[in-house]
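Below is run.txt, holding compact mmCIF, C-alpha atoms and all ligand atoms.
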# COMPACT_ATOMS: atom_id res chain seq x y z
CA MET A 12 0.00 0.00 0.00
CA THR A 13 1.42 3.40 -0.86
CA ALA A 14 1.12 6.20 1.60
CA GLU A 15 -1.44 8.03 -0.53
CA ASN A 16 -3.66 5.01 -0.36
CA ALA A 17 -3.01 5.02 3.34
CA LEU A 18 -4.26 8.58 3.62
CA GLU A 19 -7.39 7.59 1.73
CA ALA A 20 -7.83 4.49 3.83
CA LEU A 21 -7.41 6.53 7.00
CA LYS A 22 -10.04 8.98 5.82
CA ALA A 23 -12.37 6.13 4.95
CA ARG A 24 -12.00 4.70 8.44
CA LEU A 25 -12.16 7.87 10.47
CA GLY A 26 -14.37 10.05 8.34
CA GLY A 27 -14.69 13.60 9.65
CA LYS A 28 -12.17 13.03 12.43
CA VAL A 29 -9.45 13.56 9.84
CA VAL A 30 -9.31 17.34 9.75
CA GLU A 31 -6.89 17.77 6.91
CA THR A 32 -4.56 15.77 4.70
CA SER A 33 -1.77 16.85 2.43
CA SER A 34 0.67 15.09 0.18
CA PHE A 35 3.73 16.77 -1.23
CA ARG A 36 6.45 14.81 -3.04
CA GLY A 37 5.88 11.72 -0.99
CA ASP A 38 5.51 13.72 2.19
CA ASP A 39 2.12 12.55 3.43
CA THR A 40 0.46 14.18 6.36
CA ALA A 41 -2.83 13.69 8.12
CA VAL A 42 -4.17 15.95 10.85
CA VAL A 43 -6.75 14.41 13.15
CA THR A 44 -8.81 15.73 16.03
CA PRO A 45 -7.32 15.12 19.50
CA GLU A 46 -10.22 12.80 20.34
CA ALA A 47 -9.38 10.56 17.38
CA TRP A 48 -5.65 10.45 18.11
CA LEU A 49 -5.50 6.99 19.60
CA GLU A 50 -8.00 5.61 17.11
CA ALA A 51 -6.00 6.94 14.15
CA ALA A 52 -2.71 5.60 15.49
CA SER A 53 -4.24 2.24 16.16
CA ALA A 54 -5.77 2.11 12.66
CA LEU A 55 -2.37 2.86 11.16
CA LYS A 56 -0.73 0.17 13.20
CA ASN A 57 -3.29 -2.59 13.06
CA GLY A 58 -5.03 -2.10 9.74
CA LEU A 59 -2.70 -0.18 7.45
CA GLY A 60 0.61 -1.87 8.15
CA PHE A 61 2.59 0.98 9.74
CA ASP A 62 4.58 -1.09 12.17
CA PHE A 63 7.19 1.41 13.28
CA LEU A 64 6.70 4.61 15.26
CA MET A 65 9.82 6.53 14.26
CA ASP A 66 9.26 9.70 16.19
CA LEU A 67 6.81 11.57 18.35
CA CYS A 68 7.36 15.15 19.33
CA GLY A 69 5.65 18.33 20.39
CA ALA A 70 5.62 21.72 18.70
CA ASP A 71 4.57 25.17 19.86
CA TYR A 72 2.95 27.57 17.40
CA LEU A 73 2.41 30.52 19.71
CA PRO A 74 0.40 32.77 19.19
CA ARG A 75 -1.77 30.46 17.11
CA GLU A 76 -4.71 28.80 18.81
CA PRO A 77 -4.82 25.79 19.01
CA ARG A 78 -1.28 26.46 20.07
CA PHE A 79 0.40 23.05 20.37
CA GLU A 80 0.87 20.18 18.00
CA VAL A 81 1.85 16.60 18.58
CA VAL A 82 3.54 15.09 15.55
CA CYS A 83 4.19 11.41 14.87
CA HIS A 84 6.14 9.79 12.08
CA PHE A 85 5.20 6.28 11.06
CA TYR A 86 7.02 3.87 8.81
CA SER A 87 5.99 0.61 7.27
CA SER A 88 8.84 -1.86 7.11
CA LYS A 89 6.90 -3.95 4.57
CA THR A 90 6.21 -1.30 1.96
CA GLY A 91 8.66 1.43 2.91
CA ALA A 92 5.81 3.95 3.13
CA ARG A 93 5.98 6.82 5.57
CA LEU A 94 3.18 8.85 7.05
CA ARG A 95 3.04 11.85 9.35
CA LEU A 96 0.18 12.11 11.81
CA LYS A 97 -0.55 15.33 13.65
CA THR A 98 -3.04 16.68 16.10
CA ARG A 99 -3.57 20.21 17.38
CA LEU A 100 -4.04 20.99 21.07
CA PRO A 101 -5.22 24.11 22.87
CA GLY A 102 -2.83 26.36 24.77
CA GLY A 103 -4.50 26.11 28.17
CA LYS A 104 -4.03 22.51 29.25
CA PRO A 105 -2.80 20.55 26.26
CA ALA A 106 -3.63 16.89 26.69
CA VAL A 107 -4.02 13.91 24.37
CA ASP A 108 -4.17 10.14 24.71
CA SER A 109 -0.91 8.30 25.18
CA LEU A 110 0.33 5.93 22.49
CA ALA A 111 2.51 4.04 24.96
CA GLY A 112 0.00 1.22 25.06
CA LEU A 113 0.39 0.73 21.31
CA TRP A 114 4.10 1.36 20.94
CA LEU A 115 6.64 0.97 23.73
CA SER A 116 8.81 3.52 21.93
CA ALA A 117 6.17 6.18 22.57
CA ASP A 118 6.98 6.01 26.28
CA TRP A 119 10.14 8.14 26.27
CA PHE A 120 9.02 10.28 23.31
CA GLU A 121 5.99 11.33 25.30
CA ARG A 122 8.04 11.96 28.40
CA GLU A 123 10.25 14.24 26.34
CA ALA A 124 7.25 16.10 24.89
CA TRP A 125 5.88 16.50 28.41
CA ASP A 126 9.24 17.75 29.67
CA MET A 127 9.81 20.25 26.87
CA TYR A 128 6.26 21.44 26.13
CA GLY A 129 4.10 20.40 29.05
CA ILE A 130 1.79 18.29 26.91
CA ASP A 131 -0.07 15.80 29.07
CA PHE A 132 -0.40 12.28 27.69
CA LYS A 133 -3.41 10.64 29.27
CA GLY A 134 -2.89 7.03 30.22
CA HIS A 135 0.92 7.20 30.07
CA PRO A 136 2.36 4.72 32.58
CA ASP A 137 5.00 7.05 34.04
CA LEU A 138 4.88 10.62 32.79
CA ARG A 139 8.01 12.16 34.37
CA ARG A 140 10.52 14.57 32.93
CA LEU A 141 13.00 12.85 30.64
CA LEU A 142 15.78 15.40 30.04
CA MET A 143 15.51 18.09 32.69
CA TYR A 144 15.83 17.43 36.42
CA ASP A 145 12.76 17.00 38.58
CA SER A 146 12.94 20.37 40.32
CA PHE A 147 13.10 22.27 37.03
CA GLU A 148 10.17 24.64 36.71
CA GLY A 149 8.32 25.18 33.46
CA HIS A 150 8.77 23.69 30.02
CA PRO A 151 11.82 25.12 28.27
CA LEU A 152 10.87 24.67 24.60
CA ARG A 153 7.65 26.62 24.96
CA LYS A 154 7.93 29.82 23.02
CA ASP A 155 7.08 31.87 26.08
CA TYR A 156 9.85 30.35 28.21
CA PRO A 157 12.37 33.17 28.78
CA LEU A 158 15.23 32.83 26.30
CA LYS A 159 17.96 33.37 28.89
CA GLY A 160 15.95 32.07 31.81
CA ARG A 161 18.16 30.45 34.44
CA GLN A 162 17.06 28.42 37.39
CA PRO A 163 18.79 27.82 40.73
CA ARG A 164 21.61 25.28 40.64
CA ILE A 165 20.64 21.90 42.05
CA ASP A 166 22.42 19.81 44.67
CA HIS A 167 23.68 16.29 44.31
CA ALA A 168 20.93 13.76 44.89
CA ASP A 169 22.32 10.83 46.86
CA MET B 21 63.23 6.36 42.86
CA GLY B 22 66.25 4.35 41.83
CA LEU B 23 68.44 7.45 41.87
CA GLU B 24 70.84 5.87 44.37
CA THR B 25 72.26 3.58 41.74
CA LEU B 26 72.95 6.54 39.49
CA PHE B 27 74.74 8.62 42.07
CA GLY B 28 76.43 5.86 44.02
CA ASN B 29 77.55 7.06 47.43
CA SER B 30 77.47 10.74 46.58
CA PHE B 31 74.37 12.83 47.42
CA LEU B 32 71.98 15.24 45.80
CA THR B 33 70.75 18.55 47.22
CA THR B 34 67.69 20.45 46.09
CA ARG B 35 64.79 22.39 47.50
CA LEU B 36 62.03 20.11 48.64
CA ASP B 37 59.56 21.98 46.47
CA GLU B 38 61.66 21.52 43.37
CA ALA B 39 61.98 17.81 43.92
CA ILE B 40 58.33 17.28 44.65
CA ASN B 41 57.08 19.53 41.87
CA TRP B 42 59.40 17.84 39.43
CA GLY B 43 57.78 14.56 40.34
CA ARG B 44 54.29 15.96 40.26
CA LYS B 45 54.46 17.74 36.96
CA TYR B 46 55.80 14.77 35.03
CA SER B 47 53.38 12.23 36.41
CA PHE B 48 49.89 13.66 36.11
CA PHE B 49 47.17 11.09 36.45
CA GLN B 50 44.18 12.61 34.77
CA TYR B 51 40.51 11.99 35.31
CA PRO B 52 38.77 12.55 31.95
CA PHE B 53 35.31 13.97 32.64
CA VAL B 54 34.19 13.63 29.04
CA THR B 55 30.66 14.71 28.19
CA ALA B 56 30.50 15.73 24.54
CA CYS B 57 32.13 16.04 21.12
CA CYS B 58 35.37 17.47 22.54
CA GLY B 59 36.02 13.92 23.72
CA MET B 60 37.04 12.94 20.20
CA GLU B 61 39.82 15.50 20.10
CA PHE B 62 40.78 14.57 23.62
CA MET B 63 41.28 10.99 22.48
CA SER B 64 43.40 12.03 19.55
CA ALA B 65 45.64 14.05 21.85
CA TRP B 66 46.11 10.89 23.86
CA ALA B 67 46.66 8.55 20.92
CA SER B 68 49.92 7.74 19.23
CA THR B 69 50.24 10.68 16.78
CA TYR B 70 50.31 13.33 19.47
CA ASP B 71 51.24 10.97 22.25
CA ILE B 72 50.69 12.78 25.48
CA ALA B 73 52.78 10.12 27.19
CA ARG B 74 55.82 12.16 26.18
CA PHE B 75 54.75 14.63 28.87
CA GLY B 76 54.26 12.00 31.52
CA ALA B 77 50.48 12.33 31.53
CA GLU B 78 49.36 9.26 29.66
CA TYR B 79 47.69 7.51 32.51
CA PRO B 80 43.96 8.14 32.86
CA ARG B 81 42.39 7.12 36.15
CA PHE B 82 38.68 6.56 36.15
CA SER B 83 38.52 6.93 39.87
CA PRO B 84 38.73 10.56 41.01
CA ARG B 85 40.47 9.45 44.19
CA GLN B 86 43.52 8.39 42.22
CA ALA B 87 43.64 11.39 39.89
CA ASP B 88 45.65 14.62 40.01
CA VAL B 89 44.19 16.56 37.10
CA LEU B 90 40.52 16.80 36.27
CA PHE B 91 40.00 17.29 32.55
CA VAL B 92 36.50 18.62 31.97
CA VAL B 93 35.95 17.85 28.32
CA GLY B 94 32.72 19.05 26.75
CA THR B 95 29.40 20.62 27.65
CA VAL B 96 28.31 20.52 31.27
CA ASN B 97 24.60 20.97 31.83
CA GLU B 98 22.74 21.91 34.96
CA LYS B 99 21.68 18.33 35.59
CA LEU B 100 25.31 17.24 35.55
CA ALA B 101 26.71 20.16 37.57
CA PRO B 102 26.33 18.51 40.99
CA VAL B 103 28.05 15.38 39.66
CA LEU B 104 31.04 17.39 38.46
CA ARG B 105 31.26 19.09 41.85
CA ARG B 106 31.12 15.72 43.59
CA VAL B 107 33.88 14.30 41.39
CA TYR B 108 36.05 17.32 42.12
CA ASP B 109 35.44 17.03 45.86
CA GLN B 110 36.43 13.37 45.76
CA MET B 111 39.85 14.09 44.33
CA CYS B 112 42.74 14.24 46.80
CA ASP B 113 44.98 17.29 47.09
CA PRO B 114 47.05 18.36 45.27
CA LYS B 115 44.62 18.62 42.36
CA TRP B 116 44.29 20.72 39.26
CA VAL B 117 41.49 21.36 36.80
CA VAL B 118 41.73 21.85 33.06
CA SER B 119 38.73 23.22 31.20
CA PHE B 120 38.82 21.70 27.73
CA GLY B 121 37.02 23.56 24.92
CA VAL B 122 34.70 26.55 24.90
CA CYS B 123 31.72 24.62 26.25
CA ALA B 124 33.45 23.76 29.49
CA THR B 125 35.03 27.20 29.62
CA SER B 126 32.03 29.42 29.03
CA GLY B 127 29.09 27.33 27.89
CA GLY B 128 30.14 28.07 24.31
CA PHE B 129 27.25 28.73 22.00
CA TYR B 130 24.89 26.86 24.32
CA ASP B 131 23.62 29.99 26.02
CA ASN B 132 20.38 28.36 27.11
CA TYR B 133 18.26 26.97 29.91
CA ALA B 134 20.21 23.76 30.30
CA THR B 135 23.90 24.60 30.08
CA VAL B 136 26.26 25.78 32.80
CA GLN B 137 27.96 28.94 31.52
CA GLY B 138 31.46 27.76 32.35
CA ILE B 139 32.60 25.16 34.86
CA ASP B 140 34.31 27.87 36.90
CA LYS B 141 30.83 28.58 38.22
CA ILE B 142 31.10 25.22 40.02
CA ILE B 143 34.77 24.43 40.61
CA PRO B 144 38.09 26.33 40.43
CA VAL B 145 39.93 26.04 37.13
CA ASP B 146 43.69 26.19 36.52
CA ILE B 147 43.95 26.16 32.74
CA TYR B 148 41.44 26.97 30.02
CA ILE B 149 41.87 25.54 26.53
CA PRO B 150 40.06 27.53 23.83
CA GLY B 151 38.65 25.94 20.70
CA CYS B 152 35.61 24.06 19.53
CA PRO B 153 37.11 21.55 19.77
CA PRO B 154 40.72 22.44 20.66
CA ARG B 155 43.41 20.93 18.48
CA PRO B 156 45.70 18.37 20.12
CA GLU B 157 48.56 20.87 19.94
CA ALA B 158 46.51 23.20 22.10
CA VAL B 159 46.01 20.41 24.59
CA LEU B 160 49.73 19.73 24.76
CA ASP B 161 50.37 23.45 25.13
CA ALA B 162 47.93 23.55 28.03
CA LEU B 163 49.64 20.60 29.62
CA VAL B 164 53.01 22.29 29.40
CA LYS B 165 51.50 25.46 30.85
CA LEU B 166 50.06 23.44 33.69
CA GLN B 167 53.48 21.90 34.30
CA LYS B 168 54.98 25.39 34.50
CA LYS B 169 52.29 26.43 36.92
CA VAL B 170 52.87 23.38 39.08
CA SER B 171 56.59 23.99 39.16
CA LYS B 172 55.98 27.38 40.77
CA GLU B 173 53.89 25.99 43.57
CA SER B 174 55.05 25.11 47.03
CA VAL B 175 54.07 22.05 48.99
CA LEU B 176 53.07 24.45 51.74
CA ASP B 177 50.50 26.52 49.92
CA ARG B 178 48.29 24.00 48.18
CA GLU B 179 46.36 22.57 51.06
CA HIS B 180 44.33 25.53 52.27
CA ASP B 181 43.80 27.61 49.19
CA ARG B 182 40.50 26.19 48.06
S1 LIG A 201 33.52 23.07 22.57
FE1 LIG A 201 32.68 22.40 20.59
S2 LIG A 201 33.57 20.37 20.27
FE2 LIG A 201 33.77 20.86 22.43
S3 LIG A 201 32.00 20.00 23.44
FE3 LIG A 201 31.53 22.11 22.94
S4 LIG A 201 30.51 21.99 20.94
FE4 LIG A 201 31.59 20.07 21.25
Could you render the structure from this file as structure tokens?
Amino acid sequence: MTAENALEALKARLGGKVVETSSFRGDDTAVVTPEAWLEAASALKNGLGFDFLMDLCGADYLPREPRFEVVCHFYSSKTGARLRLKTRLPGGKPAVDSLAGLWLSADWFEREAWDMYGIDFKGHPDLRRLLMYDSFEGHPLRKDYPLKGRQPRIDHAD
Amino acid sequence: MGLETLFGNSFLTTRLDEAINWGRKYSFFQYPFVTACCGMEFMSAWASTYDIARFGAEYPRFSPRQADVLFVVGTVNEKLAPVLRRVYDQMCDPKWVVSFGVCATSGGFYDNYATVQGIDKIIPVDIYIPGCPPRPEAVLDALVKLQKKVSKESVLDREHDR
């Protein structure tokens, strides 16, 4: 199955929950509503043959509203097709379902997105910071995090 | 030291400092605190082409308690800062610190939320090596400078100055 077919197949399965699709030189993208996030990912994995979650990350589009995006890249090791899945989340309390139940690799990706952007992944088994230390305040890759913001130095944790 | 065989029954006079510093400066045991890309250049300074063994400093110790010189090689971030401090505190006197590359020296171009803007915010530094990464020649130059610095020290003044 080529990725374009996959976009069509995804639309056929999810109907109006697919907000937008685009396809540019083999760069295939589908945007779904946050409610359909888990459903779309599961359809890609179980029905459409995308067996590899290559990446999951956050993005901040301040001052746009909905402000945040979660972006996933999928790959099919059988056909070599790639597909990008996105969802848009509001600025207030961005939250979306966790994919950790579908892909183990989503675990640390989601922890990173939580750490850097403060996006909450509902149902994640252990949503702690991944890169920054526990006492760090705020989410440093948010566009409104002060550019030269420094926080107090931490002590050695024994 | 085996010198007796060389001098037979005659004897040798020198200032205590000179003798001790001579020994110290040609037998640095370094602790490589390597965190980033600078590590590659650090390795090449140690390998056969540049051969830091010629300066008596070829012996890395991966226990801080057995090391004389702490080489901080690469970017140090805030999460790692307390670890670096702990490693420094674990080293026995006399001890020296070399800051290797601009990241360790000033944070380099990582002027951001995560990076310590120079390890001298955490521990005292004796020699700074500029460069991103420094060439091996610069490392050898720094080592020779450190040897010069050590040779001017006295056994009496090292203990309480930190
Ligand atoms: S100074 Fe340059 S080479 Fe060295 S750790 Fe920093 S970025 Fe890497």
* Go through B:Ala101, B:Cys152, B:Val117, B:Ile139 one by one, measure the shortest atom-to-atom distance of each to ligand LIG 201 (chain A) using only C-alpha atoms and all ligand atoms, and give the residue with the smallest value. => B:Cys152
Cut-off 7 Å, only C-alpha atoms and all ligand atoms, neighbours of ligand LIG 201 (chain A) as a PDB file with C-alpha atoms, in the coordinates of the input:
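And here is the file that came out, selection-v4.pdb:
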ATOM      1  CA  ALA B  56      30.500  15.730  24.540  1.00  0.00           C
ATOM      2  CA  CYS B  57      32.130  16.040  21.120  1.00  0.00           C
ATOM      3  CA  CYS B  58      35.370  17.470  22.540  1.00  0.00           C
ATOM      4  CA  VAL B  93      35.950  17.850  28.320  1.00  0.00           C
ATOM      5  CA  GLY B  94      32.720  19.050  26.750  1.00  0.00           C
ATOM      6  CA  THR B  95      29.400  20.620  27.650  1.00  0.00           C
ATOM      7  CA  GLY B 121      37.020  23.560  24.920  1.00  0.00           C
ATOM      8  CA  VAL B 122      34.700  26.550  24.900  1.00  0.00           C
ATOM      9  CA  CYS B 123      31.720  24.620  26.250  1.00  0.00           C
ATOM     10  CA  ALA B 124      33.450  23.760  29.490  1.00  0.00           C
ATOM     11  CA  GLY B 128      30.140  28.070  24.310  1.00  0.00           C
ATOM     12  CA  GLY B 151      38.650  25.940  20.700  1.00  0.00           C
ATOM     13  CA  CYS B 152      35.610  24.060  19.530  1.00  0.00           C
ATOM     14  CA  PRO B 153      37.110  21.550  19.770  1.00  0.00           C
TER      15      PRO B 153
END
How close does chain B get to chain A? List, as CSV, each residue of chain B within 8 Å, its nearest atom pair and the distance in Å to one decimal, counting only C-alpha atoms.
residue,atom,partner,partner_atom,distance
B:Glu98,CA,A:Arg164,CA,6.7
B:Lys99,CA,A:Tyr144,CA,6.0
B:Ala101,CA,A:Ile165,CA,7.7
B:Pro102,CA,A:His167,CA,4.8
B:Val103,CA,A:His167,CA,6.4
B:Arg106,CA,A:His167,CA,7.5
B:Asp131,CA,A:Lys159,CA,7.2
B:Asn132,CA,A:Lys159,CA,5.8
B:Tyr133,CA,A:Arg161,CA,5.7
B:Ala134,CA,A:Met143,CA,7.7
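Ranking B:Pro150, B:Gly138, B:Gly76, B:Pro84 by their shortest atom-to-atom distance to B:Gln167, with only C-alpha atoms included, puts B:Gly76 first.
Near B:Lys115, within 10 Å and counting all atoms listed in the file, sit Phe48, Phe49, Gln50, Ala87, Asp88, Val89, Leu90, Tyr108, Asp109, Asp146, Arg178 and Glu179 of chain B, not including residues fewer than 6 positions from it in the same chain.
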* Which one of A:Asp169, A:Leu55, A:Leu115, A:Trp48 sits closest to A:Glu19 if you count all atoms listed in the file? ->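 Of A:Asp169, A:Leu55, A:Leu115, A:Trp48, the one nearest A:Glu19, counting all atoms listed in the file, is A:Leu55.
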* Is there a way to get, as a PyMOL selection string, all residues within 6 Å of the point (5.3, 10.4, 30.1) in file coordinates, counting all atoms listed in the file? -> chain A and resi 121-122+135+137-139
* To do: Could you check how far atom CA of A:Gly60 sits from atom CA of A:Arg93, in Å to one decimal?
  => 10.5 Å
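Separating atom CA of B:Leu160 from atom CA of B:Val175 is a distance of 24.7 Å.
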* Near-stretch 64-69 of chain B list (8 Å; only C-alpha atoms; drop same-chain fewer than 4 positions) as a PyMOL selection string -> chain B and resi 60+73+78+155-157+159-160
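Put simply, atom CA of A:Lys104 is 22.9 Å away from atom CA of A:Ala41.
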* Asked: Any idea what's packed within 8 Å of A:Ala51, counting only C-alpha atoms, ignoring anything in its chain fewer than 5 positions away? Could you give it as a PyMOL selection string?
  -> chain A and resi 21+25+43
* Asked: Nearest to A:Asp108 among A:Glu148, A:Glu123, A:Glu31, A:Glu46, with distances taken over all atoms listed in the file: which residue is it?
  -> A:Glu46
* To do: Scan for residues within 10 Å of the point (0.1, 15.3, 4.2) in the coordinates of the file, using all atoms listed in the file, and reply as a list in words.
  =>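 Counting all atoms listed in the file, I find these residues within 10 Å of (0.1, 15.3, 4.2): Ala14, Glu15, Leu18, Glu31, Thr32, Ser33, Ser34, Phe35, Arg36, Gly37, Asp38, Asp39, Thr40, Ala41, Val42, Leu94, Arg95, Leu96 and Lys97 of chain A.
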Just to be explicit: take each residue in the selection above, keep C-alpha atoms, and write the result as a compact mmCIF listing (two decimals), keeping the file's coordinate frame.
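Saved as again30.txt:
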# COMPACT_ATOMS: atom_id res chain seq x y z
CA ALA A 14 1.12 6.20 1.60
CA GLU A 15 -1.44 8.03 -0.53
CA LEU A 18 -4.26 8.58 3.62
CA GLU A 31 -6.89 17.77 6.91
CA THR A 32 -4.56 15.77 4.70
CA SER A 33 -1.77 16.85 2.43
CA SER A 34 0.67 15.09 0.18
CA PHE A 35 3.73 16.77 -1.23
CA ARG A 36 6.45 14.81 -3.04
CA GLY A 37 5.88 11.72 -0.99
CA ASP A 38 5.51 13.72 2.19
CA ASP A 39 2.12 12.55 3.43
CA THR A 40 0.46 14.18 6.36
CA ALA A 41 -2.83 13.69 8.12
CA VAL A 42 -4.17 15.95 10.85
CA LEU A 94 3.18 8.85 7.05
CA ARG A 95 3.04 11.85 9.35
CA LEU A 96 0.18 12.11 11.81
CA LYS A 97 -0.55 15.33 13.65
* To do: Kindly indicate which residue among A:Ala124, A:Leu141, A:Tyr86, A:Lys133 lies nearest to A:Asp62, using all atoms listed in the file for the distances.
  =>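 Of A:Ala124, A:Leu141, A:Tyr86, A:Lys133, the one nearest A:Asp62 is A:Tyr86, counting all atoms listed in the file.
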